[in-house]
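Data block below; observations after.
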Amino acid sequence: MQAFLDAIQAGASGDDIAALPLPDTYRAAYVRRDEAQLFDGLDSADKDPRKSLHVGEVAVPEMAPDEAVVAVMAGAINFNTVWTSIFEPLPTFGFLDRLGKESAWGARHALDYHVVGSDASGVVVRTGSAVRNWKPGDRVTIHCNYVDDQDPSSHDDSMLGANQRIWGFETNFGGLADLALVKANQLMPKPAHLSWEESAVNALCNSTSYRMLVSPNGAAMQQGDRVLVWGASGGLGAYAVQYVLNGGGTPVGVVSSPEKVSLLHDLGVEAVIDRKAAGYRFWKDEHTQDESEWRRLGKDIRALVGDDVDIVFEHPGRQTMGASVFAAKRGGTIVTCAATSGYMIEYDNRHLWMKLKTIKGSHFANYREAWDANQLVCDGKILPPLSAVYPLGEVGEATYQVHRNLHEGKIGVLCLAPTEGLGIDDPELRARVGEDRITLFRRHGA
């Protein structure tokens with residue numbers, strides 16, 4: 001891979017990059033099928049990604065006609081990497097095996113190791129014979145919606161596809177590696193004013209937040225909407241509050257420390273709740289929620305923004321869903337994309353049906369939504385919430401940080417890129433956006 005890195009660093013032409021031979025193997029972060037029971041009997045919090053994530057050489061897979069091979073300069077950690085690494089809620093090898101039964105090309109994925117990672121930035125080094133819009137040398141970011149465009153159920157909205165998958169989680173050959181294998185319709189232009197690591201962290205969480213709030217497939221946020229954002233300094237929430245601000249709304253960010261309150265204020269969010277300082281106890285015990293605490297949250301929201309919220313940006317799941325349903329105003333929407341605190345949610349249905357509220361499920365984004373969200377990053381209108389960067393050799397520690405919620409925003413991982421700060425092609429735009437704005441999360445995380 002050194003030859004590819006040297007060519008990229010030297011600004012080699014696409015033809016020169018295409019002429020370089022692919023290696024037989026490449027360096028990647030992966031979990032192993034024979035270790036899928038590694039953490040059996042342990043509580044989730046005690047499962048350690050540093051023990052299950054390996055970094056080593058794996059074979060370069062064959063490329064299908066509609067695919068591209070990308071030299072990955074940087075990747076990022078998402079919560080699905082945590083799930084894969086702790087084999088929870090179930091080992092991802094079942095996903096790979098199901099994909100392996102669909103076609104000869106799918107069979108490549110059903111291996112005894114799973115290369116993880118659902119975000120990446122890099123340079124195209126090969127394209128299949130059916131690829132029309134991309135060529136070797138193109139600088140790209142990669143979104144994780146992996147769909148079969150020959151399946152009719154994937155059209156209209158590809159997230160409704162019967163066999164829609166998340167690349168690097170439900171497929172193999174993900175982005176935490178020196179090479180990645182992707183479908184051509186996962187590729188998007190790299191933001192020219194950002195470094196490789198700043199570009200790598202956006203696609204999954206940014207696209208997810210865009211669909212949840214901006215897209216008509218989500219909450220279809222309008223100007224003036226008040227939006228409650230749980231985990232507002234985290235990977236999803238940091239994008240959500242930016243979309244609310246950009247869209248003429250009022251975000252109400254919920255975070256867990258005075259430092260995170262300060263971070264959101266610097267991002268432009270005026271209404272912030274420190275949930276730890278407030279001491280909310282939405283659950284009296286494992287089986288009983290406390291409506292008086294929901295009411296206290298609602299009172300605190302109204303004190304900040306003058307009314308109940310039109311939209312709740314919900315992703316913690318069990319811990320907060322009861323409060324989210326209560327806090328939304330009459331006719332409001334609770335849009336949810338995850339359940340990091342537990343999947344089996346409970347809420348008082350009277351507060352839903354009698355006040356005509358809606359719970360709407362949302363999952364990642366289709367290509368159009370991901371592309372539009374990426375364009376806002378390219379235009380400097382959405383900032384990357386990059387807070388820390390690790391080398392690929394320390395991917396286990398990076399994933400552990402996310403697993404234990406020890407980070408802000410997103411954690412980037414250097415793959416082929418030897419150092420941080422490389423890959424900036426438009427310093428003029430960077431200056432206009434503002435170095436302090438682009439590095440806000442990094443400076444707060446320092």
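Chains: A, B, ... in order of the structure tokens. Residues: from 1 per chain. Ligands: from 1, in order shown.
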
Can you pull out the residues contacting region 258-270 of chain A? Cut-off 8 Å, using only C-alpha atoms, and skip same-chain residues under 2 positions away; I want them as an mmCIF file with C-alpha atoms, in the first residue's frame.
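See selection_31.cif below for the written result:
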data_model
loop_
_atom_site.group_PDB
_atom_site.id
_atom_site.type_symbol
_atom_site.label_atom_id
_atom_site.label_comp_id
_atom_site.auth_asym_id
_atom_site.auth_seq_id
_atom_site.Cartn_x
_atom_site.Cartn_y
_atom_site.Cartn_z
ATOM 1 C CA ALA A 232 -26.544 16.895 21.679
ATOM 2 C CA SER A 233 -22.747 16.866 21.806
ATOM 3 C CA VAL A 241 -28.364 20.794 16.507
ATOM 4 C CA LEU A 245 -29.917 26.071 13.749
ATOM 5 C CA PRO A 251 -32.557 23.344 19.398
ATOM 6 C CA VAL A 252 -32.824 22.291 23.023
ATOM 7 C CA GLY A 253 -29.691 20.247 23.635
ATOM 8 C CA VAL A 255 -25.928 16.828 27.571
ATOM 9 C CA SER A 256 -24.255 15.424 30.660
ATOM 10 C CA VAL A 272 -28.968 23.535 26.875
ATOM 11 C CA ILE A 273 -29.919 21.185 29.709
ATOM 12 C CA ASP A 274 -27.273 19.430 31.794
ATOM 13 C CA ARG A 437 -15.226 26.594 13.915
ATOM 14 C CA LEU A 440 -14.326 23.370 17.781
ATOM 15 C CA PHE A 441 -14.893 19.839 19.043
ATOM 16 C CA HIS A 444 -13.011 21.224 23.559
#

>> When DSSP is applied to the backbone of this structure, which of region 264-409 of chain A are assigned strand (DSSP E or B)? Write them out as a PyMOL selection string.
In response: chain A and resi 271-274+283-285+288-289+309-314+328-336+358-361+386-391+409

Create the file for the chosen residues now, containing C-alpha atoms and written as a tab-separated table (two decimals), in the first residue's frame.
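Writing done, so here's out-v1.tsv:
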chain	number	residue	atom	x	y	z
A	271	ALA	CA	-30.92	26.35	25.23
A	272	VAL	CA	-28.97	23.53	26.87
A	273	ILE	CA	-29.92	21.18	29.71
A	274	ASP	CA	-27.27	19.43	31.79
A	283	TRP	CA	-37.08	5.37	36.06
A	284	LYS	CA	-37.91	4.73	39.72
A	285	ASP	CA	-36.62	1.20	39.30
A	288	THR	CA	-41.34	1.70	36.78
A	289	GLN	CA	-41.07	5.13	35.20
A	309	VAL	CA	-40.99	21.00	21.53
A	310	ASP	CA	-42.38	20.22	18.08
A	311	ILE	CA	-39.85	17.44	17.44
A	312	VAL	CA	-37.85	15.12	19.67
A	313	PHE	CA	-34.60	13.77	18.17
A	314	GLU	CA	-34.57	10.42	19.97
A	328	ALA	CA	-43.35	16.50	22.55
A	329	LYS	CA	-46.14	19.02	22.10
A	330	ARG	CA	-49.65	18.18	20.95
A	331	GLY	CA	-49.35	16.95	17.36
A	332	GLY	CA	-45.57	16.70	17.69
A	333	THR	CA	-43.19	14.08	16.32
A	334	ILE	CA	-40.72	11.81	18.06
A	335	VAL	CA	-38.26	10.59	15.43
A	336	THR	CA	-36.02	7.71	16.50
A	358	THR	CA	-46.34	10.54	16.13
A	359	ILE	CA	-43.41	8.19	16.70
A	360	LYS	CA	-41.48	7.86	13.44
A	361	GLY	CA	-38.73	5.35	12.81
A	386	LEU	CA	-14.20	15.53	15.26
A	387	SER	CA	-12.97	15.38	18.84
A	388	ALA	CA	-10.12	12.83	18.77
A	389	VAL	CA	-7.99	10.87	16.31
A	390	TYR	CA	-6.34	7.46	16.76
A	391	PRO	CA	-4.07	5.43	14.48
A	409	GLY	CA	-18.69	14.15	18.81

> What's the 10 Å shell around Cys415 (chain A), counting only C-alpha atoms, without same-chain residues fewer than 6 positions away, as JSON, numbers by chain?
Replying inline: {"A": [27, 28, 29, 71, 72, 73, 74, 75, 76, 120, 121, 122, 175, 176, 177, 178, 179, 196, 197, 390, 391, 392, 393, 395]}

> Taking into account only C-alpha atoms, which residue in the set A:Ala365, A:Met63, A:Ala10, A:Ala104 is nearest to Asp157 (chain A)?
Replying inline: A:Ala365

> In terms of the shortest atom-to-atom distance over only C-alpha atoms, which of A:Asn185, A:Asn172, A:Thr250, A:Asn374 is closest to Ala130 (chain A)?
Replying inline: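 The shortest atom-to-atom distance to Ala130 (chain A) comes from A:Asn185.
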
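For the choices A:Asn145, A:Thr439, A:Gln186, A:Ser195, the atom-to-atom distance to Asp426 (chain A) is smallest for A:Ser195 when using only C-alpha atoms.
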
>> Residues within 10 Å of Met344 (chain A), please, as a list in words. Count only C-alpha atoms; anything in the same chain fewer than 3 positions from it doesn't count.
In response: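 Returned residues: Gly317, Arg318, Gln319, Met321, Ala339 and Ser341 of chain A.
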
> Quick one: residues within 6 Å of region 396-407 of chain A, only C-alpha atoms counted, chain neighbours fewer than 3 positions away excluded, as a ChimeraX atom specification?
Replying inline: /A:49-50,53,82

>> Taking only C-alpha atoms into account, name the residue in A:Ser209, A:Ser324, A:Asn202, A:Gln37 that is nearest to Met221 (chain A).
In response: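 The closest residue to Met221 (chain A) is A:Ser209.
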
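The residue that comes closest to Glu408 (chain A), out of A:Ala200, A:Ile77, A:Ala59, A:Ile382 and on the basis of only C-alpha atoms, is A:Ile77.
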
> What separation in Å, quoted to one decimal, exists between CA of Leu5 (chain A) and CA of Ala19 (chain A)?
Replying inline: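 That distance, rounded to one decimal, is 13.7 Å.
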
> For Ala373 (chain A), which of A:Lys190, A:His287, A:Arg211, A:Arg98 is the closest residue, counting only C-alpha atoms?
Replying inline: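 Closest residue, counting only C-alpha atoms: A:Arg211.
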
> If you run DSSP on this backbone, which residues of region 295-326 of chain A come out as alpha helix (DSSP H), and could you give them as a count of residues only?
Replying inline: 17
